[in-house]
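K.L.:
If it helps, the file is called start_19.pdb and holds PDB, C-alpha atoms and all ligand atoms:
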```pdb
ATOM      1  CA  MET A 224       0.000   0.000   0.000
ATOM      2  CA  THR A 225       1.334   3.476  -0.796
ATOM      3  CA  GLU A 226       2.020   5.823   2.071
ATOM      4  CA  LYS A 227      -0.717   8.173   0.849
ATOM      5  CA  ASN A 228      -3.299   5.379   0.769
ATOM      6  CA  ALA A 229      -2.236   4.174   4.227
ATOM      7  CA  THR A 230      -2.711   7.692   5.589
ATOM      8  CA  SER A 231      -6.109   7.952   3.879
ATOM      9  CA  ILE A 232      -7.321   4.681   5.414
ATOM     10  CA  LYS A 233      -6.257   5.899   8.867
ATOM     11  CA  ARG A 234      -8.040   9.245   8.357
ATOM     12  CA  LEU A 235     -11.181   7.527   7.093
ATOM     13  CA  ALA A 236     -11.198   5.032   9.961
ATOM     14  CA  LYS A 237     -10.845   7.879  12.460
ATOM     15  CA  LEU A 238     -13.899   9.597  10.974
ATOM     16  CA  VAL A 239     -15.902   6.352  11.031
ATOM     17  CA  LYS A 240     -14.963   5.685  14.664
ATOM     18  CA  ASN A 241     -16.808   8.833  15.726
ATOM     19  CA  PRO A 242     -19.788   7.258  17.567
ATOM     20  CA  ASN A 243     -22.238   9.501  15.656
ATOM     21  CA  ALA A 244     -20.739   8.818  12.242
ATOM     22  CA  LYS A 245     -23.091   7.809   9.425
ATOM     23  CA  VAL A 246     -21.950   6.979   5.926
ATOM     24  CA  ILE A 247     -23.482   7.519   2.513
ATOM     25  CA  PHE A 248     -21.893   5.466  -0.254
ATOM     26  CA  MET A 249     -22.075   6.589  -3.903
ATOM     27  CA  VAL A 250     -20.844   3.771  -6.099
ATOM     28  CA  GLY A 251     -20.404   2.685  -9.701
ATOM     29  CA  ALA A 252     -19.236  -0.113 -11.953
ATOM     30  CA  GLY A 253     -15.683  -0.134 -10.511
ATOM     31  CA  ILE A 254     -16.824  -1.895  -7.323
ATOM     32  CA  SER A 255     -18.089  -4.823  -9.433
ATOM     33  CA  THR A 256     -15.145  -5.319 -11.811
ATOM     34  CA  SER A 257     -13.533  -7.820  -9.408
ATOM     35  CA  CYS A 258     -16.786  -9.848  -9.569
ATOM     36  CA  GLY A 259     -16.149 -10.357 -13.281
ATOM     37  CA  ILE A 260     -18.459  -7.614 -14.590
ATOM     38  CA  PRO A 261     -16.596  -5.167 -16.827
ATOM     39  CA  ASP A 262     -17.132  -1.438 -16.220
ATOM     40  CA  PHE A 263     -17.866   1.012 -19.049
ATOM     41  CA  ARG A 264     -14.842   3.207 -19.328
ATOM     42  CA  SER A 265     -11.703   1.361 -18.150
ATOM     43  CA  PRO A 266      -9.390   1.385 -21.192
ATOM     44  CA  GLY A 267      -9.083  -2.079 -22.763
ATOM     45  CA  THR A 268     -11.335  -3.998 -20.375
ATOM     46  CA  GLY A 269     -14.369  -1.665 -20.243
ATOM     47  CA  LEU A 270     -17.553  -2.512 -22.135
ATOM     48  CA  TYR A 271     -17.218   0.536 -24.383
ATOM     49  CA  ASP A 272     -13.923  -0.796 -25.734
ATOM     50  CA  ASN A 273     -15.428  -4.239 -26.290
ATOM     51  CA  LEU A 274     -18.684  -3.504 -28.003
ATOM     52  CA  ALA A 275     -17.430  -4.032 -31.535
ATOM     53  CA  LYS A 276     -19.000  -7.482 -31.616
ATOM     54  CA  LEU A 277     -22.387  -5.853 -31.055
ATOM     55  CA  ASN A 278     -22.104  -3.824 -34.276
ATOM     56  CA  LEU A 279     -23.102  -0.541 -32.717
ATOM     57  CA  PRO A 280     -22.944   2.837 -34.464
ATOM     58  CA  PHE A 281     -21.558   4.316 -31.191
ATOM     59  CA  ALA A 282     -20.848   2.590 -27.855
ATOM     60  CA  GLU A 283     -23.557   4.319 -25.803
ATOM     61  CA  ALA A 284     -26.186   3.142 -28.330
ATOM     62  CA  VAL A 285     -26.523  -0.101 -26.381
ATOM     63  CA  PHE A 286     -28.256   1.940 -23.633
ATOM     64  CA  ASP A 287     -29.983   4.441 -25.929
ATOM     65  CA  ILE A 288     -33.757   4.257 -25.893
ATOM     66  CA  ASP A 289     -34.227   5.380 -29.524
ATOM     67  CA  PHE A 290     -31.648   2.873 -30.733
ATOM     68  CA  PHE A 291     -33.234   0.100 -28.635
ATOM     69  CA  GLU A 292     -36.597   0.758 -30.265
ATOM     70  CA  LYS A 293     -35.058   0.156 -33.690
ATOM     71  CA  ASN A 294     -32.681  -2.650 -32.719
ATOM     72  CA  PRO A 295     -33.009  -4.357 -29.309
ATOM     73  CA  GLU A 296     -30.521  -7.112 -30.126
ATOM     74  CA  PRO A 297     -27.300  -5.502 -28.788
ATOM     75  CA  PHE A 298     -28.973  -4.794 -25.449
ATOM     76  CA  TYR A 299     -30.227  -8.388 -25.250
ATOM     77  CA  THR A 300     -26.671  -9.649 -25.889
ATOM     78  CA  LEU A 301     -25.268  -7.409 -23.177
ATOM     79  CA  ALA A 302     -28.090  -8.155 -20.727
ATOM     80  CA  LYS A 303     -27.311 -11.862 -20.993
ATOM     81  CA  GLU A 304     -23.768 -11.100 -19.864
ATOM     82  CA  LEU A 305     -24.726  -8.718 -17.053
ATOM     83  CA  TYR A 306     -27.789 -10.559 -15.765
ATOM     84  CA  PRO A 307     -28.012 -10.832 -11.935
ATOM     85  CA  GLY A 308     -27.376 -14.245 -10.450
ATOM     86  CA  ASN A 309     -24.286 -14.840 -12.538
ATOM     87  CA  TYR A 310     -21.998 -12.995 -10.113
ATOM     88  CA  GLU A 311     -21.114 -12.782  -6.406
ATOM     89  CA  PRO A 312     -20.660  -9.500  -4.501
ATOM     90  CA  SER A 313     -17.151  -8.104  -3.967
ATOM     91  CA  ASN A 314     -15.318  -7.265  -0.727
ATOM     92  CA  PHE A 315     -16.447  -3.694  -1.193
ATOM     93  CA  HIS A 316     -20.130  -4.702  -1.407
ATOM     94  CA  TYR A 317     -19.696  -6.634   1.831
ATOM     95  CA  LEU A 318     -17.918  -3.714   3.474
ATOM     96  CA  MET A 319     -21.038  -1.612   2.811
ATOM     97  CA  ARG A 320     -23.102  -4.424   4.357
ATOM     98  CA  LEU A 321     -20.830  -4.285   7.436
ATOM     99  CA  PHE A 322     -21.492  -0.560   7.786
ATOM    100  CA  GLN A 323     -25.189  -1.480   7.837
ATOM    101  CA  ASP A 324     -24.659  -4.252  10.412
ATOM    102  CA  LYS A 325     -22.664  -1.871  12.628
ATOM    103  CA  GLY A 326     -25.423   0.776  12.495
ATOM    104  CA  LYS A 327     -23.228   3.202  10.545
ATOM    105  CA  LEU A 328     -24.916   3.138   7.141
ATOM    106  CA  HIS A 329     -27.149   6.004   6.108
ATOM    107  CA  ARG A 330     -27.658   5.067   2.436
ATOM    108  CA  VAL A 331     -26.123   3.448  -0.611
ATOM    109  CA  TYR A 332     -26.627   5.262  -3.912
ATOM    110  CA  THR A 333     -25.614   2.972  -6.742
ATOM    111  CA  GLN A 334     -25.409   3.479 -10.491
ATOM    112  CA  ASN A 335     -24.980  -0.255 -10.953
ATOM    113  CA  ILE A 336     -27.632  -2.469 -12.453
ATOM    114  CA  ASP A 337     -26.122  -5.751 -11.314
ATOM    115  CA  THR A 338     -28.140  -5.823  -8.024
ATOM    116  CA  LEU A 339     -25.041  -6.971  -6.105
ATOM    117  CA  GLU A 340     -25.876  -4.530  -3.284
ATOM    118  CA  ARG A 341     -29.076  -6.555  -2.718
ATOM    119  CA  ALA A 342     -27.119  -9.799  -2.983
ATOM    120  CA  ALA A 343     -24.740  -8.521  -0.289
ATOM    121  CA  GLY A 344     -27.712  -7.875   1.993
ATOM    122  CA  ILE A 345     -28.188  -4.093   1.790
ATOM    123  CA  LEU A 346     -31.783  -3.546   2.898
ATOM    124  CA  PRO A 347     -34.251  -1.938   0.456
ATOM    125  CA  ASP A 348     -34.709   1.164   2.661
ATOM    126  CA  ASN A 349     -30.969   1.769   2.648
ATOM    127  CA  LEU A 350     -30.588   1.409  -1.110
ATOM    128  CA  VAL A 351     -31.216   3.764  -4.021
ATOM    129  CA  GLU A 352     -30.671   2.145  -7.415
ATOM    130  CA  ALA A 353     -30.274   5.374  -9.333
ATOM    131  CA  HIS A 354     -30.181   3.755 -12.761
ATOM    132  CA  GLY A 355     -32.826   1.139 -12.005
ATOM    133  CA  SER A 356     -32.306  -2.619 -12.117
ATOM    134  CA  PHE A 357     -33.456  -5.869 -13.695
ATOM    135  CA  ALA A 358     -35.976  -6.324 -10.856
ATOM    136  CA  LYS A 359     -38.927  -5.201 -13.008
ATOM    137  CA  ASN A 360     -39.716  -4.617 -16.669
ATOM    138  CA  HIS A 361     -41.905  -2.123 -18.449
ATOM    139  CA  CYS A 362     -43.316  -1.489 -21.893
ATOM    140  CA  ILE A 363     -41.509   1.465 -23.477
ATOM    141  CA  LYS A 364     -44.761   2.519 -25.222
ATOM    142  CA  CYS A 365     -47.602   2.213 -22.670
ATOM    143  CA  HIS A 366     -45.360   1.905 -19.557
ATOM    144  CA  LYS A 367     -47.229  -1.130 -18.151
ATOM    145  CA  VAL A 368     -45.041  -2.928 -15.612
ATOM    146  CA  PHE A 369     -44.131  -6.630 -15.854
ATOM    147  CA  VAL A 370     -42.408  -9.046 -13.468
ATOM    148  CA  GLN A 371     -38.657  -9.769 -13.598
ATOM    149  CA  GLU A 372     -38.989 -13.367 -14.834
ATOM    150  CA  ILE A 373     -40.335 -12.594 -18.293
ATOM    151  CA  PHE A 374     -37.138 -10.905 -19.436
ATOM    152  CA  GLU A 375     -34.996 -13.581 -17.804
ATOM    153  CA  GLN A 376     -36.903 -16.213 -19.791
ATOM    154  CA  ALA A 377     -36.565 -14.232 -22.996
ATOM    155  CA  ILE A 378     -32.767 -13.986 -22.774
ATOM    156  CA  ASN A 379     -32.294 -17.559 -21.553
ATOM    157  CA  GLU A 380     -34.506 -19.179 -24.135
ATOM    158  CA  ASP A 381     -33.447 -16.944 -27.027
ATOM    159  CA  LYS A 382     -37.081 -16.056 -27.632
ATOM    160  CA  GLU A 383     -38.242 -13.199 -29.831
ATOM    161  CA  PHE A 384     -37.873  -9.717 -28.383
ATOM    162  CA  LEU A 385     -40.501  -9.230 -25.701
ATOM    163  CA  LYS A 386     -43.595  -7.321 -26.807
ATOM    164  CA  CYS A 387     -46.387  -5.850 -24.672
ATOM    165  CA  VAL A 388     -49.656  -7.791 -24.769
ATOM    166  CA  HIS A 389     -51.583  -4.511 -24.498
ATOM    167  CA  CYS A 390     -49.985  -2.288 -27.149
ATOM    168  CA  ASN A 391     -47.300  -4.384 -28.858
ATOM    169  CA  GLY A 392     -44.573  -1.995 -27.638
ATOM    170  CA  LEU A 393     -41.154  -3.405 -26.737
ATOM    171  CA  ILE A 394     -40.650  -4.509 -23.133
ATOM    172  CA  LYS A 395     -37.342  -3.829 -21.400
ATOM    173  CA  PRO A 396     -35.959  -4.081 -17.852
ATOM    174  CA  GLN A 397     -36.410  -0.939 -15.750
ATOM    175  CA  ILE A 398     -32.791   0.045 -16.269
ATOM    176  CA  VAL A 399     -32.438   3.736 -17.020
ATOM    177  CA  PHE A 400     -31.316   4.272 -20.611
ATOM    178  CA  PHE A 401     -29.927   7.505 -22.026
ATOM    179  CA  GLY A 402     -33.068   9.484 -22.866
ATOM    180  CA  GLU A 403     -35.071   8.117 -19.904
ATOM    181  CA  ASN A 404     -35.777   9.667 -16.507
ATOM    182  CA  LEU A 405     -34.148   8.413 -13.331
ATOM    183  CA  PRO A 406     -36.535   6.867 -10.765
ATOM    184  CA  SER A 407     -38.321   9.534  -8.684
ATOM    185  CA  LEU A 408     -36.934   7.829  -5.540
ATOM    186  CA  PHE A 409     -33.456   8.949  -6.565
ATOM    187  CA  PHE A 410     -34.461  12.625  -6.469
ATOM    188  CA  SER A 411     -36.684  12.482  -3.359
ATOM    189  CA  SER A 412     -34.191  10.436  -1.380
ATOM    190  CA  TRP A 413     -31.244  12.670  -2.279
ATOM    191  CA  ASP A 414     -33.249  15.848  -1.472
ATOM    192  CA  ASP A 415     -33.946  14.428   2.007
ATOM    193  CA  ASP A 416     -30.479  13.037   2.619
ATOM    194  CA  CYS A 417     -28.602  16.076   1.334
ATOM    195  CA  ALA A 418     -30.638  18.412   3.559
ATOM    196  CA  LYS A 419     -29.661  16.331   6.607
ATOM    197  CA  LEU A 420     -25.931  16.056   5.898
ATOM    198  CA  GLY A 421     -23.851  17.399   8.779
ATOM    199  CA  GLU A 422     -20.366  17.150  10.265
ATOM    200  CA  ASP A 423     -20.860  13.563  11.467
ATOM    201  CA  HIS A 424     -21.662  12.307   7.982
ATOM    202  CA  ILE A 425     -19.122  10.849   5.591
ATOM    203  CA  VAL A 426     -19.790  10.481   1.876
ATOM    204  CA  ILE A 427     -17.695   7.715   0.315
ATOM    205  CA  VAL A 428     -17.614   7.726  -3.501
ATOM    206  CA  ALA A 429     -16.204   4.535  -5.020
ATOM    207  CA  GLY A 430     -15.635   2.861  -8.392
ATOM    208  CA  THR A 431     -17.174   5.507 -10.604
ATOM    209  CA  SER A 432     -15.857   7.831 -13.315
ATOM    210  CA  LEU A 433     -18.474  10.411 -12.243
ATOM    211  CA  ALA A 434     -19.232  10.917 -15.924
ATOM    212  CA  VAL A 435     -22.982  10.272 -15.965
ATOM    213  CA  TYR A 436     -25.341  13.035 -14.806
ATOM    214  CA  PRO A 437     -27.273  13.749 -12.663
ATOM    215  CA  PHE A 438     -25.546  11.156 -10.422
ATOM    216  CA  ALA A 439     -22.146  12.749 -11.066
ATOM    217  CA  SER A 440     -23.267  16.009  -9.463
ATOM    218  CA  LEU A 441     -24.076  14.455  -6.055
ATOM    219  CA  PRO A 442     -20.553  14.779  -4.582
ATOM    220  CA  THR A 443     -20.529  18.459  -5.626
ATOM    221  CA  GLU A 444     -23.756  19.030  -3.693
ATOM    222  CA  VAL A 445     -22.355  17.590  -0.458
ATOM    223  CA  PRO A 446     -22.114  20.487   2.025
ATOM    224  CA  LYS A 447     -18.618  21.626   2.990
ATOM    225  CA  ILE A 448     -19.056  20.568   6.651
ATOM    226  CA  THR A 449     -19.526  16.937   5.567
ATOM    227  CA  ASN A 450     -16.422  14.833   4.912
ATOM    228  CA  ARG A 451     -15.997  13.320   1.466
ATOM    229  CA  SER A 452     -13.825  10.408   0.419
ATOM    230  CA  LEU A 453     -12.957   8.971  -3.002
ATOM    231  CA  ILE A 454     -11.903   5.336  -3.478
ATOM    232  CA  ASN A 455     -11.105   4.855  -7.154
ATOM    233  CA  LEU A 456      -8.324   3.937  -9.558
ATOM    234  CA  GLN A 457      -7.914   7.622 -10.409
ATOM    235  CA  ARG A 458      -9.191  11.040  -9.335
ATOM    236  CA  VAL A 459     -12.530  11.818 -10.995
ATOM    237  CA  GLY A 460     -15.276  14.445 -11.157
ATOM    238  CA  ASP A 461     -15.414  17.008  -8.381
ATOM    239  CA  PHE A 462     -12.497  15.318  -6.591
ATOM    240  CA  LYS A 463     -10.349  16.220  -9.607
ATOM    241  CA  ASN A 464     -11.854  19.511 -10.745
ATOM    242  CA  ASN A 465     -12.811  21.012  -7.405
ATOM    243  CA  PRO A 466     -10.946  19.137  -4.664
ATOM    244  CA  ARG A 467     -11.552  20.116  -1.042
ATOM    245  CA  LYS A 468      -8.723  20.176   1.507
ATOM    246  CA  SER A 469     -10.675  17.771   3.704
ATOM    247  CA  ASP A 470     -11.215  15.156   0.922
ATOM    248  CA  VAL A 471      -9.805  11.734   1.811
ATOM    249  CA  ILE A 472      -8.448  10.188  -1.394
ATOM    250  CA  TYR A 473      -7.546   6.504  -1.857
ATOM    251  CA  LEU A 474      -6.253   5.695  -5.340
ATOM    252  CA  GLY A 475      -6.388   1.947  -5.889
ATOM    253  CA  SER A 476      -8.646  -1.083  -5.903
ATOM    254  CA  SER A 477     -11.901  -0.728  -3.970
ATOM    255  CA  ASP A 478     -11.520  -4.299  -2.644
ATOM    256  CA  HIS A 479      -8.078  -3.547  -1.214
ATOM    257  CA  ALA A 480      -9.448  -0.391   0.353
ATOM    258  CA  ALA A 481     -12.329  -2.411   1.835
ATOM    259  CA  GLU A 482      -9.949  -4.902   3.459
ATOM    260  CA  GLN A 483      -7.638  -2.199   4.773
ATOM    261  CA  LEU A 484     -10.458  -0.095   6.148
ATOM    262  CA  ALA A 485     -12.080  -3.139   7.761
ATOM    263  CA  ALA A 486      -8.719  -4.033   9.353
ATOM    264  CA  GLU A 487      -8.232  -0.493  10.666
ATOM    265  CA  LEU A 488     -11.751  -0.522  12.121
ATOM    266  CA  GLY A 489     -11.275  -3.946  13.740
ATOM    267  CA  TRP A 490     -13.913  -5.443  11.420
ATOM    268  CA  LEU A 491     -11.672  -7.746   9.351
ATOM    269  CA  ASP A 492     -12.983 -10.962  10.923
ATOM    270  CA  ASP A 493     -16.569  -9.867  10.224
ATOM    271  CA  LEU A 494     -15.630  -9.100   6.624
ATOM    272  CA  LYS A 495     -13.958 -12.478   6.250
ATOM    273  CA  ILE A 496     -17.103 -14.233   7.459
ATOM    274  CA  LEU A 497     -19.267 -12.374   4.935
ATOM    275  CA  THR A 498     -16.896 -12.915   2.013
ATOM    276  CA  ASN A 499     -15.691 -16.419   2.919
ATOM    277  CA  MET A 500     -12.171 -15.038   2.540
TER     278      MET A 500
HETATM  279  P1  LIG B 601     -17.447   3.774 -15.503
HETATM  280  O1  LIG B 601     -17.666   5.025 -16.251
HETATM  281  O2  LIG B 601     -17.052   2.574 -16.290
HETATM  282  O3  LIG B 601     -16.305   4.072 -14.415
HETATM  283  C1  LIG B 601     -15.792   3.085 -13.573
HETATM  284  C2  LIG B 601     -14.760   3.722 -12.665
HETATM  285  O4  LIG B 601     -14.340   2.763 -11.718
HETATM  286  C3  LIG B 601     -13.507   4.223 -13.394
HETATM  287  O5  LIG B 601     -13.125   5.475 -12.895
HETATM  288  C4  LIG B 601     -12.468   3.145 -13.056
HETATM  289  O6  LIG B 601     -11.157   3.652 -13.018
HETATM  290  C5  LIG B 601     -12.926   2.720 -11.685
HETATM  291  N1  LIG B 601     -12.548   1.356 -11.341
HETATM  292  C6  LIG B 601     -12.543   0.255 -12.130
HETATM  293  N2  LIG B 601     -12.171  -0.826 -11.434
HETATM  294  C7  LIG B 601     -11.946  -0.407 -10.164
HETATM  295  C8  LIG B 601     -11.547  -1.054  -8.967
HETATM  296  N3  LIG B 601     -11.288  -2.368  -8.918
HETATM  297  N4  LIG B 601     -11.421  -0.318  -7.832
HETATM  298  C9  LIG B 601     -11.656   1.019  -7.841
HETATM  299  N5  LIG B 601     -12.028   1.688  -8.951
HETATM  300  C10 LIG B 601     -12.189   0.989 -10.093
HETATM  301  O7  LIG B 601     -18.709   3.380 -14.635
HETATM  302  P2  LIG B 601     -19.710   4.334 -13.822
HETATM  303  O8  LIG B 601     -20.404   3.466 -12.862
HETATM  304  O9  LIG B 601     -19.040   5.557 -13.338
HETATM  305  O10 LIG B 601     -20.707   4.781 -14.982
HETATM  306  C11 LIG B 601     -22.027   4.807 -14.774
HETATM  307  C12 LIG B 601     -22.771   3.760 -15.627
HETATM  308  C13 LIG B 601     -22.043   2.445 -15.715
HETATM  309  C14 LIG B 601     -24.057   3.398 -14.978
HETATM  310  O11 LIG B 601     -25.097   3.835 -15.774
HETATM  311  C15 LIG B 601     -24.088   1.864 -14.841
HETATM  312  O12 LIG B 601     -25.349   1.346 -15.059
HETATM  313  C16 LIG B 601     -23.124   1.402 -15.836
HETATM  314  N6  LIG B 601     -22.533   0.058 -15.627
HETATM  315  C17 LIG B 601     -22.906  -0.730 -14.602
HETATM  316  C18 LIG B 601     -22.340  -1.970 -14.435
HETATM  317  C19 LIG B 601     -22.777  -2.813 -13.280
HETATM  318  O13 LIG B 601     -23.946  -2.780 -12.916
HETATM  319  N7  LIG B 601     -21.863  -3.564 -12.666
HETATM  320  C20 LIG B 601     -21.362  -2.427 -15.331
HETATM  321  C21 LIG B 601     -20.993  -1.579 -16.399
HETATM  322  C22 LIG B 601     -21.588  -0.344 -16.538
END
```
Output the structure of this file as structure tokens.
Ligand code: CNA
P.N.:
Amino acid sequence: MTEKNATSIKRLAKLVKNPNAKVIFMVGAGISTSCGIPDFRSPGTGLYDNLAKLNLPFAEAVFDIDFFEKNPEPFYTLAKELYPGNYEPSNFHYLMRLFQDKGKLHRVYTQNIDTLERAAGILPDNLVEAHGSFAKNHCIKCHKVFVQEIFEQAINEDKEFLKCVHCNGLIKPQIVFFGENLPSLFFSSWDDDCAKLGEDHIVIVAGTSLAVYPFASLPTEVPKITNRSLINLQRVGDFKNNPRKSDVIYLGSSDHAAEQLAAELGWLDDLKILTNM
């Protein structure tokens, strides 16, 4: 571990040890790469660099609602790869679960659609899936909602693209595509949480390029009295463009950070039990 990272873990642990401390996590695809799910933007390994086989006009098209309406096939191919159940949570997911078990979790805001926060045991009230999930489906034309299983069947059995029985519109999982609104829970929950943030709160941002808005603006909106931390392979977003003196920066793997923070907090045995380390 670099000296800087070691210092950051110590600073973060000190903040967490405050008996009134409560943590909000803001996470992205980087916390799931060790589970075998590629992120979007890591050079070489990210999905955007590996979408050639999907024959897309531009990488983001796979999550573009207008493109999906014309050609759902690339999304179906990708969904098969990303579908929940194929992967186990990472150390970092279980660290967030430990914060919950220790009574120190305020909320997890995730951009991920892999539902690994649920798999790690984060309770529904503590979780905001900002970009939706595979848990439900809806018709993109009449917006009728359908259960999870129908899409799972469609990708597993290579059936025709799912169509709505009411209006013949295409059905897709309730994952937020470019051109679609985020769930209203994202906005209402953040309005509430942000208004309550004080000096005992810590916002930990991990495994995200902070490139997708409005999620990317959350760290900027954190009041100055609240401590912020970034755990990522490189500096991103507000931590790069507008760093605060009090920011605690850890540049490296989120799983390593999870182990080191757990060790510093005296939680390593608990983490090992959860992860079967
Ligand atoms: P991104 O833009 O691909 O950025 C990922 C970030 O994580 C980058 O800054 C990486 O350097 C960093 N990173 C990668 N591996 C690690 C690691 N082991 N430890 C620490 N940092 C790491 O992904 P974002 O989440 O920022 O982008 C938002 C998109 C990605 C959302 O709309 C997601 O739905 C979408 N996405 C989700 C998944 C998933 O659900 N697992 C996978 C791929 C994309």
K.L.:
Can you sort out the box for region 373-377 of chain A, edges along x, y and z, all listed atoms in, 3 Å on every side, with centre and edge lengths in Å to one decimal, as AutoDock Vina command-line options?
P.N.:
```
--center_x -37.7 --center_y -13.6 --center_z -20.4 --size_x 11.3 --size_y 11.3 --size_z 11.2
```
K.L.:
Show me which residues line ligand LIG 601 (chain B), defined as having an atom within 8 Å of a ligand atom where all atoms listed in the file count, and present them as a PyMOL selection string.
P.N.:
chain A and resi 250-257+260-265+269-270+305+334-338+354+398-400+429-435+454-459+474-478
K.L.:
Could you state the separation of CA of Thr300 (chain A) and CA of Val285 (chain A) in Å, given to one decimal place?
P.N.:
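Value for the CA of Thr300 (chain A)-CA of Val285 (chain A) distance: 9.6 Å.
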K.L.:
Which residue is closest to Gly421 (chain A)? Choose from A:Cys390, A:Lys233, A:Phe298, A:Ile247 and count all atoms listed in the file.
P.N.:
A:Ile247
K.L.:
Can you list, as a list of chain:residue names, every protein, DNA or RNA residue that comes within 8 Å of region 343-352 of chain A when you count only C-alpha atoms, leaving out same-chain residues fewer than 6 positions away?
P.N.:
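Using only C-alpha atoms, the neighbours found are A:Pro312, A:His316, A:Tyr317, A:Met319, A:Arg320, A:Gln323, A:Leu328, A:His329, A:Arg330, A:Val331, A:Tyr332, A:Thr333, A:Gln334, A:Asn335, A:Ile336, A:Leu408, A:Phe409, A:Ser412.
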K.L.:
Output the selection as a tab-separated table (two decimals), keeping the file's coordinate frame - C-alpha atoms for each residue.
P.N.:
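Result went into part_18.tsv, see below:
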```
chain	number	residue	atom	x	y	z
A	312	PRO	CA	-20.66	-9.50	-4.50
A	316	HIS	CA	-20.13	-4.70	-1.41
A	317	TYR	CA	-19.70	-6.63	1.83
A	319	MET	CA	-21.04	-1.61	2.81
A	320	ARG	CA	-23.10	-4.42	4.36
A	323	GLN	CA	-25.19	-1.48	7.84
A	328	LEU	CA	-24.92	3.14	7.14
A	329	HIS	CA	-27.15	6.00	6.11
A	330	ARG	CA	-27.66	5.07	2.44
A	331	VAL	CA	-26.12	3.45	-0.61
A	332	TYR	CA	-26.63	5.26	-3.91
A	333	THR	CA	-25.61	2.97	-6.74
A	334	GLN	CA	-25.41	3.48	-10.49
A	335	ASN	CA	-24.98	-0.26	-10.95
A	336	ILE	CA	-27.63	-2.47	-12.45
A	408	LEU	CA	-36.93	7.83	-5.54
A	409	PHE	CA	-33.46	8.95	-6.56
A	412	SER	CA	-34.19	10.44	-1.38
```
K.L.:
I'd like to see the residues matched by the PyMOL selection byres (((chain A and resi 307) around 10) and not hetatm) on this file, and ideally I'd get them as a list in words.
P.N.:
Ala302, Lys303, Glu304, Leu305, Tyr306, Gly308, Asn309, Tyr310, Glu311, Ile336, Asp337, Thr338, Leu339, Ala342, Ser356, Phe357, Ala358 and Glu375 of chain A
K.L.:
Val388 (chain A): which residues within 12 Å, counting all atoms listed in the file, same-chain residues fewer than 2 positions away excluded, as a VMD selection string?
P.N.:
chain A and resid 361 to 362 364 to 369 385 to 386 390 to 394
K.L.:
Up to 7 Å from (-34.7, -8.9, -20.8) in the file's coordinates: name the residues, counting all atoms listed in the file, as a PyMOL selection string.
P.N.:
chain A and resi 299+302+374-375+377-378+395-396
K.L.:
Kindly export the residues of the current selection with C-alpha atoms, as a PDB file, in the coordinates of the input.
P.N.:
```pdb
ATOM      1  CA  TYR A 299     -30.227  -8.388 -25.250  1.00  0.00           C
ATOM      2  CA  ALA A 302     -28.090  -8.155 -20.727  1.00  0.00           C
ATOM      3  CA  PHE A 374     -37.138 -10.905 -19.436  1.00  0.00           C
ATOM      4  CA  GLU A 375     -34.996 -13.581 -17.804  1.00  0.00           C
ATOM      5  CA  ALA A 377     -36.565 -14.232 -22.996  1.00  0.00           C
ATOM      6  CA  ILE A 378     -32.767 -13.986 -22.774  1.00  0.00           C
ATOM      7  CA  LYS A 395     -37.342  -3.829 -21.400  1.00  0.00           C
ATOM      8  CA  PRO A 396     -35.959  -4.081 -17.852  1.00  0.00           C
TER       9      PRO A 396
END
```
K.L.:
Which distance in Å separates CA of Gly489 (chain A) and CA of Ala236 (chain A), to one decimal?
P.N.:
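That distance, rounded to one decimal, is 9.7 Å.
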